[in-house]
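Peer 1: File name structure-v7.cif; file contents mmCIF, C-alpha atoms; full text below.
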```
data_upload
loop_
_atom_site.group_PDB
_atom_site.id
_atom_site.type_symbol
_atom_site.label_atom_id
_atom_site.label_comp_id
_atom_site.auth_asym_id
_atom_site.auth_seq_id
_atom_site.Cartn_x
_atom_site.Cartn_y
_atom_site.Cartn_z
ATOM 1 C CA MET A 48 -4.300 -2.400 1.699
ATOM 2 C CA ASN A 49 -1.621 -0.537 3.638
ATOM 3 C CA SER A 50 0.024 2.723 2.564
ATOM 4 C CA VAL A 51 3.262 1.013 1.465
ATOM 5 C CA SER A 52 1.353 -1.094 -1.031
ATOM 6 C CA TRP A 53 -0.419 1.975 -2.417
ATOM 7 C CA PHE A 54 2.937 3.739 -2.672
ATOM 8 C CA LYS A 55 4.400 0.858 -4.699
ATOM 9 C CA ILE A 56 1.371 0.694 -6.970
ATOM 10 C CA LYS A 57 1.460 4.448 -7.592
ATOM 11 C CA GLU A 58 5.226 4.337 -8.265
ATOM 12 C CA ARG A 59 4.880 1.393 -10.662
ATOM 13 C CA LEU A 60 2.151 3.145 -12.652
ATOM 14 C CA LYS A 61 4.138 6.387 -12.757
ATOM 15 C CA PHE A 62 7.231 4.465 -13.868
ATOM 16 C CA LEU A 63 5.357 2.640 -16.647
ATOM 17 C CA TYR A 64 3.966 5.934 -17.912
ATOM 18 C CA GLN A 65 7.358 7.720 -17.963
ATOM 19 C CA ALA A 66 9.784 4.921 -18.867
ATOM 20 C CA HIS A 67 11.117 4.265 -22.356
ATOM 21 C CA ASN A 68 11.998 1.176 -24.311
ATOM 22 C CA ALA A 69 14.681 1.066 -27.014
ATOM 23 C CA HIS A 70 12.756 3.406 -29.326
ATOM 24 C CA GLY A 71 12.751 6.244 -26.799
ATOM 25 C CA LEU A 72 16.468 6.114 -25.993
ATOM 26 C CA HIS A 73 18.566 8.751 -27.727
ATOM 27 C CA SER A 74 21.829 7.870 -25.999
ATOM 28 C CA PRO A 75 24.083 5.348 -27.780
ATOM 29 C CA PHE A 76 25.357 4.099 -24.393
ATOM 30 C CA ALA A 77 21.856 3.576 -22.949
ATOM 31 C CA PHE A 78 20.604 2.013 -26.211
ATOM 32 C CA GLU A 79 23.496 -0.475 -26.332
ATOM 33 C CA LEU A 80 23.100 -1.305 -22.639
ATOM 34 C CA TYR A 81 19.348 -1.817 -23.094
ATOM 35 C CA ASN A 82 19.802 -4.241 -26.009
ATOM 36 C CA ALA A 83 22.622 -6.188 -24.365
ATOM 37 C CA ILE A 84 20.711 -6.650 -21.115
ATOM 38 C CA ARG A 85 17.559 -7.712 -23.015
ATOM 39 C CA ARG A 86 19.557 -10.412 -24.818
ATOM 40 C CA LEU A 87 21.197 -11.627 -21.605
ATOM 41 C CA LEU A 88 17.880 -11.614 -19.710
ATOM 42 C CA LYS A 89 16.349 -13.837 -22.386
ATOM 43 C CA VAL A 90 19.177 -16.356 -21.967
ATOM 44 C CA GLN A 91 18.873 -16.251 -18.173
ATOM 45 C CA LYS A 92 15.081 -16.656 -18.265
ATOM 46 C CA ASP A 93 15.622 -19.782 -20.363
ATOM 47 C CA ASP A 94 18.031 -21.011 -17.647
ATOM 48 C CA ARG A 95 15.443 -20.199 -14.974
ATOM 49 C CA ALA A 96 12.905 -22.311 -16.828
ATOM 50 C CA SER A 97 15.340 -25.214 -16.450
ATOM 51 C CA GLY A 98 15.020 -25.064 -12.658
ATOM 52 C CA SER A 99 17.350 -22.418 -11.229
ATOM 53 C CA PHE A 100 15.315 -19.694 -9.499
ATOM 54 C CA ARG A 101 16.533 -16.098 -9.367
ATOM 55 C CA SER A 102 14.650 -12.950 -8.416
ATOM 56 C CA LYS A 103 14.136 -10.226 -11.005
ATOM 57 C CA SER A 104 16.788 -8.076 -9.284
ATOM 58 C CA CYS A 105 19.246 -10.976 -9.448
ATOM 59 C CA LEU A 106 18.522 -11.563 -13.140
ATOM 60 C CA TYR A 107 19.105 -7.894 -13.959
ATOM 61 C CA THR A 108 22.280 -7.827 -11.853
ATOM 62 C CA LEU A 109 23.677 -10.976 -13.441
ATOM 63 C CA ALA A 110 22.898 -9.669 -16.945
ATOM 64 C CA LEU A 111 24.588 -6.361 -16.175
ATOM 65 C CA CYS A 112 27.666 -8.076 -14.689
ATOM 66 C CA ASP A 113 27.914 -10.275 -17.784
ATOM 67 C CA TYR A 114 27.590 -7.235 -20.052
ATOM 68 C CA ILE A 115 30.353 -5.233 -18.371
ATOM 69 C CA LYS A 116 32.465 -8.377 -17.813
ATOM 70 C CA ALA A 117 32.743 -7.709 -14.079
ATOM 71 C CA LYS A 118 35.852 -9.163 -12.461
ATOM 72 C CA ARG A 119 35.758 -7.401 -9.065
ATOM 73 C CA ILE A 120 32.462 -6.878 -7.285
ATOM 74 C CA LEU A 121 31.850 -5.195 -3.946
ATOM 75 C CA VAL A 122 28.588 -6.123 -2.205
ATOM 76 C CA ILE A 123 27.526 -4.014 0.751
ATOM 77 C CA SER A 124 24.555 -5.702 2.371
ATOM 78 C CA ASP A 125 23.495 -7.585 5.457
ATOM 79 C CA GLN A 126 21.999 -10.413 3.372
ATOM 80 C CA ASP A 127 23.499 -13.892 3.620
ATOM 81 C CA GLU A 128 26.313 -14.763 1.203
ATOM 82 C CA LYS A 129 24.261 -17.642 -0.245
ATOM 83 C CA TYR A 130 21.671 -15.115 -1.409
ATOM 84 C CA TRP A 131 24.282 -13.268 -3.471
ATOM 85 C CA SER A 132 25.921 -16.341 -4.989
ATOM 86 C CA ALA A 133 23.046 -16.572 -7.504
ATOM 87 C CA CYS A 134 23.307 -12.901 -8.495
ATOM 88 C CA PHE A 135 26.914 -12.687 -9.671
ATOM 89 C CA PRO A 136 28.997 -14.573 -12.238
ATOM 90 C CA LYS A 137 30.969 -17.432 -10.683
ATOM 91 C CA LYS A 138 34.200 -16.201 -12.309
ATOM 92 C CA SER A 139 34.026 -12.829 -10.538
ATOM 93 C CA GLN A 140 35.765 -11.984 -7.281
ATOM 94 C CA VAL A 141 32.990 -10.945 -4.889
ATOM 95 C CA ILE A 142 33.820 -9.083 -1.695
ATOM 96 C CA LEU A 143 30.912 -9.015 0.759
ATOM 97 C CA VAL A 144 30.761 -6.537 3.638
ATOM 98 C CA LYS A 145 27.854 -5.744 5.951
ATOM 99 C CA SER A 146 28.452 -2.006 6.335
ATOM 100 C CA LEU A 147 30.455 0.882 4.966
ATOM 101 C CA LYS A 148 31.918 1.468 8.423
ATOM 102 C CA GLY A 149 35.531 0.362 8.531
ATOM 103 C CA LEU A 150 35.610 -0.535 4.841
ATOM 104 C CA ASP A 151 39.027 0.309 3.447
ATOM 105 C CA VAL A 152 38.452 1.215 -0.185
ATOM 106 C CA SER A 153 41.828 2.812 -0.796
ATOM 107 C CA GLU A 154 43.589 1.569 -3.903
ATOM 108 C CA ARG A 155 40.749 -0.762 -4.817
ATOM 109 C CA MET A 156 38.847 -0.431 -8.019
ATOM 110 C CA PHE A 157 35.632 -2.365 -8.507
ATOM 111 C CA ASP A 158 33.700 -3.037 -11.687
ATOM 112 C CA VAL A 159 30.403 -3.386 -9.813
ATOM 113 C CA LEU A 160 29.365 -1.994 -6.450
ATOM 114 C CA PHE A 161 26.121 -3.538 -5.237
ATOM 115 C CA VAL A 162 24.729 -1.424 -2.415
ATOM 116 C CA ASP A 163 21.701 -2.286 -0.297
ATOM 117 C CA ASN A 164 19.130 0.493 -0.653
ATOM 118 C CA GLN A 165 19.065 1.042 3.128
ATOM 119 C CA LEU A 166 22.614 2.393 2.818
ATOM 120 C CA ILE A 167 21.620 5.176 0.452
ATOM 121 C CA ILE A 168 19.017 6.205 3.002
ATOM 122 C CA ASN A 169 21.175 5.920 6.119
ATOM 123 C CA GLU A 170 24.767 6.406 4.982
ATOM 124 C CA LYS A 171 24.682 8.739 1.971
ATOM 125 C CA GLU A 172 27.885 10.557 2.940
ATOM 126 C CA ARG A 173 29.849 7.315 3.113
ATOM 127 C CA LEU A 174 28.239 6.026 -0.073
ATOM 128 C CA VAL A 175 29.491 9.039 -1.994
ATOM 129 C CA LYS A 176 33.024 8.051 -0.926
ATOM 130 C CA LEU A 177 32.553 4.769 -2.782
ATOM 131 C CA LEU A 178 32.624 6.744 -6.016
ATOM 132 C CA ASP A 179 36.379 7.034 -5.388
ATOM 133 C CA CYS A 180 36.825 3.283 -5.836
ATOM 134 C CA MET A 181 35.086 3.232 -9.208
ATOM 135 C CA HIS A 182 36.794 3.419 -12.565
ATOM 136 C CA ASN A 183 35.170 5.092 -15.544
ATOM 137 C CA ASP A 184 33.192 2.000 -16.584
ATOM 138 C CA SER A 185 32.113 0.900 -13.086
ATOM 139 C CA VAL A 186 28.481 0.755 -12.056
ATOM 140 C CA VAL A 187 26.719 1.075 -8.714
ATOM 141 C CA ILE A 188 23.653 -1.174 -8.499
ATOM 142 C CA ILE A 189 20.994 -0.338 -5.943
ATOM 143 C CA PRO A 190 18.049 -2.726 -5.566
ATOM 144 C CA HIS A 191 14.486 -1.803 -4.582
ATOM 145 C CA ILE A 192 14.776 1.933 -5.266
ATOM 146 C CA HIS A 193 10.969 2.220 -5.381
ATOM 147 C CA ALA A 194 10.357 0.143 -2.226
ATOM 148 C CA SER A 195 9.490 3.128 -0.034
ATOM 149 C CA LYS A 196 9.376 6.893 -0.022
ATOM 150 C CA ASN A 197 12.727 6.994 1.846
ATOM 151 C CA ALA A 198 14.375 4.663 -0.669
ATOM 152 C CA LEU A 199 13.143 6.782 -3.571
ATOM 153 C CA GLU A 200 14.355 9.997 -1.894
ATOM 154 C CA GLY A 201 17.786 8.418 -1.323
ATOM 155 C CA TRP A 202 17.927 7.388 -4.982
ATOM 156 C CA GLU A 203 17.007 10.899 -6.129
ATOM 157 C CA LYS A 204 19.736 12.436 -3.930
ATOM 158 C CA LEU A 205 22.355 9.999 -5.212
ATOM 159 C CA LYS A 206 21.485 10.829 -8.846
ATOM 160 C CA LYS A 207 22.242 14.490 -8.137
ATOM 161 C CA GLU A 208 25.822 13.843 -6.985
ATOM 162 C CA MET A 209 28.370 15.702 -9.105
ATOM 163 C CA ALA A 210 30.340 12.575 -10.093
ATOM 164 C CA VAL A 211 27.238 10.704 -11.276
ATOM 165 C CA ARG A 212 26.861 11.227 -15.010
ATOM 166 C CA ILE A 213 24.347 8.544 -15.953
ATOM 167 C CA SER A 214 21.568 7.059 -13.859
ATOM 168 C CA ILE A 215 19.234 4.362 -15.092
ATOM 169 C CA ASP A 216 16.045 3.465 -13.252
ATOM 170 C CA LEU A 217 14.862 -0.049 -14.170
ATOM 171 C CA PHE A 218 12.249 0.088 -11.382
ATOM 172 C CA PHE A 219 13.539 -3.066 -9.641
ATOM 173 C CA ILE A 220 17.087 -1.723 -9.516
ATOM 174 C CA GLY A 221 18.846 1.581 -10.077
ATOM 175 C CA LEU A 222 22.156 1.921 -11.920
ATOM 176 C CA VAL A 223 24.662 4.734 -11.460
ATOM 177 C CA PHE A 224 27.607 5.339 -13.818
ATOM 178 C CA ILE A 225 30.395 7.932 -13.609
ATOM 179 C CA ARG A 226 31.311 7.832 -17.294
ATOM 180 C CA ARG A 227 33.338 11.036 -17.465
ATOM 181 C CA GLU A 228 32.886 11.409 -21.222
ATOM 182 C CA SER A 229 29.097 11.535 -20.876
ATOM 183 C CA THR A 230 26.860 14.454 -20.123
ATOM 184 C CA LYS A 231 24.478 14.294 -17.162
ATOM 185 C CA GLN A 232 21.582 11.991 -18.133
ATOM 186 C CA ASP A 233 18.842 10.228 -16.183
ATOM 187 C CA PHE A 234 16.891 7.390 -17.804
ATOM 188 C CA LEU A 235 13.797 5.411 -16.881
ATOM 189 C CA ILE A 236 13.908 2.214 -18.916
ATOM 190 C CA ARG A 237 11.336 -0.573 -19.298
ATOM 191 C CA LEU A 238 13.007 -3.902 -20.002
#
```
Output the structure of this file as structure tokens.
Peer 2:
Amino acid sequence: MNSVSWFKIKERLKFLYQAHNAHGLHSPFAFELYNAIRRLLKVQKDDRASGSFRSKSCLYTLALCDYIKAKRILVISDQDEKYWSACFPKKSQVILVKSLKGLDVSERMFDVLFVDNQLIINEKERLVKLLDCMHNDSVVIIPHIHASKNALEGWEKLKKEMAVRISIDLFFIGLVFIRRESTKQDFLIRL
């Protein structure tokens, strides 16, 4: 087994040991989010049983977008557009860009910003600028935060940004909120 596989196994075990379910959450926001996503995931798993395949990251993303009623979504990734069509509600406006370079985010507010985890490793300074195009209830979704040591380090640095008030590690994806009324909180949640 190569070192990356051992890293993922170690991270998964550490996550399972530290993460909470609904009973360990003492934040009303995190508790409500947990329960809403659990309900939506159950519905989507039933849909998946009927023949439509989605990865775990896509299921979590779709459930989260449904929960926050996302209308405008910014996807920053080099993946094909067909890949993302299964991850976001059809009624949402999805803007797909391959890089933060040249992205004009002035006067744009997005409900969801989906950012490839390579960007938090390679373009942290530009990623922090994306916080300016978020409103109070927006969320940044970062997939595969435990994929490698570099990805995990990028995630940890992003959580420490001043504007980030709530971070939620779901192992397969990381969520960042700027809810100004909240105190600084970091959660590890098992769904």
Peer 1: Using only C-alpha atoms for the distances, tell me which of A:Cys180, A:Asp233, A:Val187, A:Leu217 is nearest to Asn68 (chain A).
Peer 2: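 Looking only at the distances to Asn68 (chain A), the closest residue turns out to be A:Leu217.
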Peer 1: Of the candidates A:Thr230, A:Asn82, A:Ser102, A:Gln65, which one gets nearest to His191 (chain A) if we count all atoms listed in the file?
Peer 2: A:Ser102
Peer 1: Selected by the PyMOL selection byres ((chain A and resi 138) around 10) in the shown coordinates: which residues, as a PyMOL selection string?
Peer 2: chain A and resi 116-119+135-137+139-141
Peer 1: Tell me, in Å to one decimal, how far CA of Ile189 (chain A) is from CA of Lys55 (chain A).
Peer 2: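 The value is 16.7 Å.
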Peer 1: Set the distance at 8 Å and use all atoms listed in the file: which residues neighbour Cys134 (chain A) once local chain neighbours fewer than 6 positions away are removed? I'd like the list as an MDAnalysis selection string.
Peer 2: chainID A and resid 101 105:106 108:109
Peer 1: Report as a VMD selection string all protein, DNA and RNA residues lying within 9 Å of Ile188 (chain A), evaluated on only C-alpha atoms, omitting residues in the same chain fewer than 6 positions from it.
Peer 2: chain A and resid 108 159 to 163 220 to 223
Peer 1: Determine, counting only C-alpha atoms, which protein, DNA and RNA residues have an atom within 8 Å of an atom of Asp158 (chain A); residues of the same chain fewer than 4 positions away are not included. Present the result as a list in words.
Peer 2: Ile115, Ala117, Lys118, Arg119, Ile120, Met181, His182, Asp184, Ser185 and Val186 of chain A
Peer 1: List the spatial neighbours of Ile225 (chain A) as a compact mmCIF listing (two decimals) with C-alpha atoms, in the coordinates of the input - criterion: any atom at most 6 Å away, only C-alpha atoms, same-chain residues fewer than 3 positions off excluded.
Peer 2:
```txt
# COMPACT_ATOMS: atom_id res chain seq x y z
CA ASN A 183 35.17 5.09 -15.54
CA ALA A 210 30.34 12.58 -10.09
CA VAL A 211 27.24 10.70 -11.28
CA ARG A 212 26.86 11.23 -15.01
```
Peer 1: Quick one: residues within 12 Å of Leu80 (chain A), all atoms listed in the file, excluding same-chain residues fewer than 5 positions away - as a CSV table (one decimal) with C-alpha atoms, in the frame of the given file?
Peer 2:
```csv
chain,number,residue,atom,x,y,z
A,68,ASN,CA,12.0,1.2,-24.3
A,69,ALA,CA,14.7,1.1,-27.0
A,72,LEU,CA,16.5,6.1,-26.0
A,74,SER,CA,21.8,7.9,-26.0
A,75,PRO,CA,24.1,5.3,-27.8
A,85,ARG,CA,17.6,-7.7,-23.0
A,86,ARG,CA,19.6,-10.4,-24.8
A,87,LEU,CA,21.2,-11.6,-21.6
A,88,LEU,CA,17.9,-11.6,-19.7
A,107,TYR,CA,19.1,-7.9,-14.0
A,110,ALA,CA,22.9,-9.7,-16.9
A,111,LEU,CA,24.6,-6.4,-16.2
A,112,CYS,CA,27.7,-8.1,-14.7
A,113,ASP,CA,27.9,-10.3,-17.8
A,114,TYR,CA,27.6,-7.2,-20.1
A,115,ILE,CA,30.4,-5.2,-18.4
A,213,ILE,CA,24.3,8.5,-16.0
A,215,ILE,CA,19.2,4.4,-15.1
A,217,LEU,CA,14.9,0.0,-14.2
A,222,LEU,CA,22.2,1.9,-11.9
A,224,PHE,CA,27.6,5.3,-13.8
A,234,PHE,CA,16.9,7.4,-17.8
A,236,ILE,CA,13.9,2.2,-18.9
A,238,LEU,CA,13.0,-3.9,-20.0
```
Peer 1: Between CA of Ile142 (chain A) and CA of Ser104 (chain A), what is the distance in Å, rounded to a tenth?
Peer 2: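 Computed distance, CA of Ile142 (chain A) to CA of Ser104 (chain A), equals 18.7 Å.
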Peer 1: Of the residues A:Lys231, A:Arg237, A:Leu121, A:Phe218, which is the one nearest to Ala198 (chain A), using all atoms listed in the file?
Peer 2: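 Ranked by minimum distance to Ala198 (chain A), first place goes to A:Phe218.
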Peer 1: Could you tell me how far CA of Lys148 (chain A) sits from CA of Lys207 (chain A), in Å to one decimal place?
Peer 2: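 CA of Lys148 (chain A) lies at a distance of 23.2 Å from CA of Lys207 (chain A).
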Peer 1: Given the file shown, enumerate the residues that the PyMOL selection byres ((chain A and resi 126) around 12) captures and present them as an NGL selection string.
Peer 2: :A and (122-125 or 127-132 or 143-146 or 161-165)
Peer 1: Tell me which of A:Lys89, A:His70, A:Lys176, A:Lys206 sits closest to Gln232 (chain A), counting all atoms listed in the file.
Peer 2: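 Checking each of A:Lys89, A:His70, A:Lys176, A:Lys206 against Gln232 (chain A), counting all atoms listed in the file, the winner is A:Lys206.
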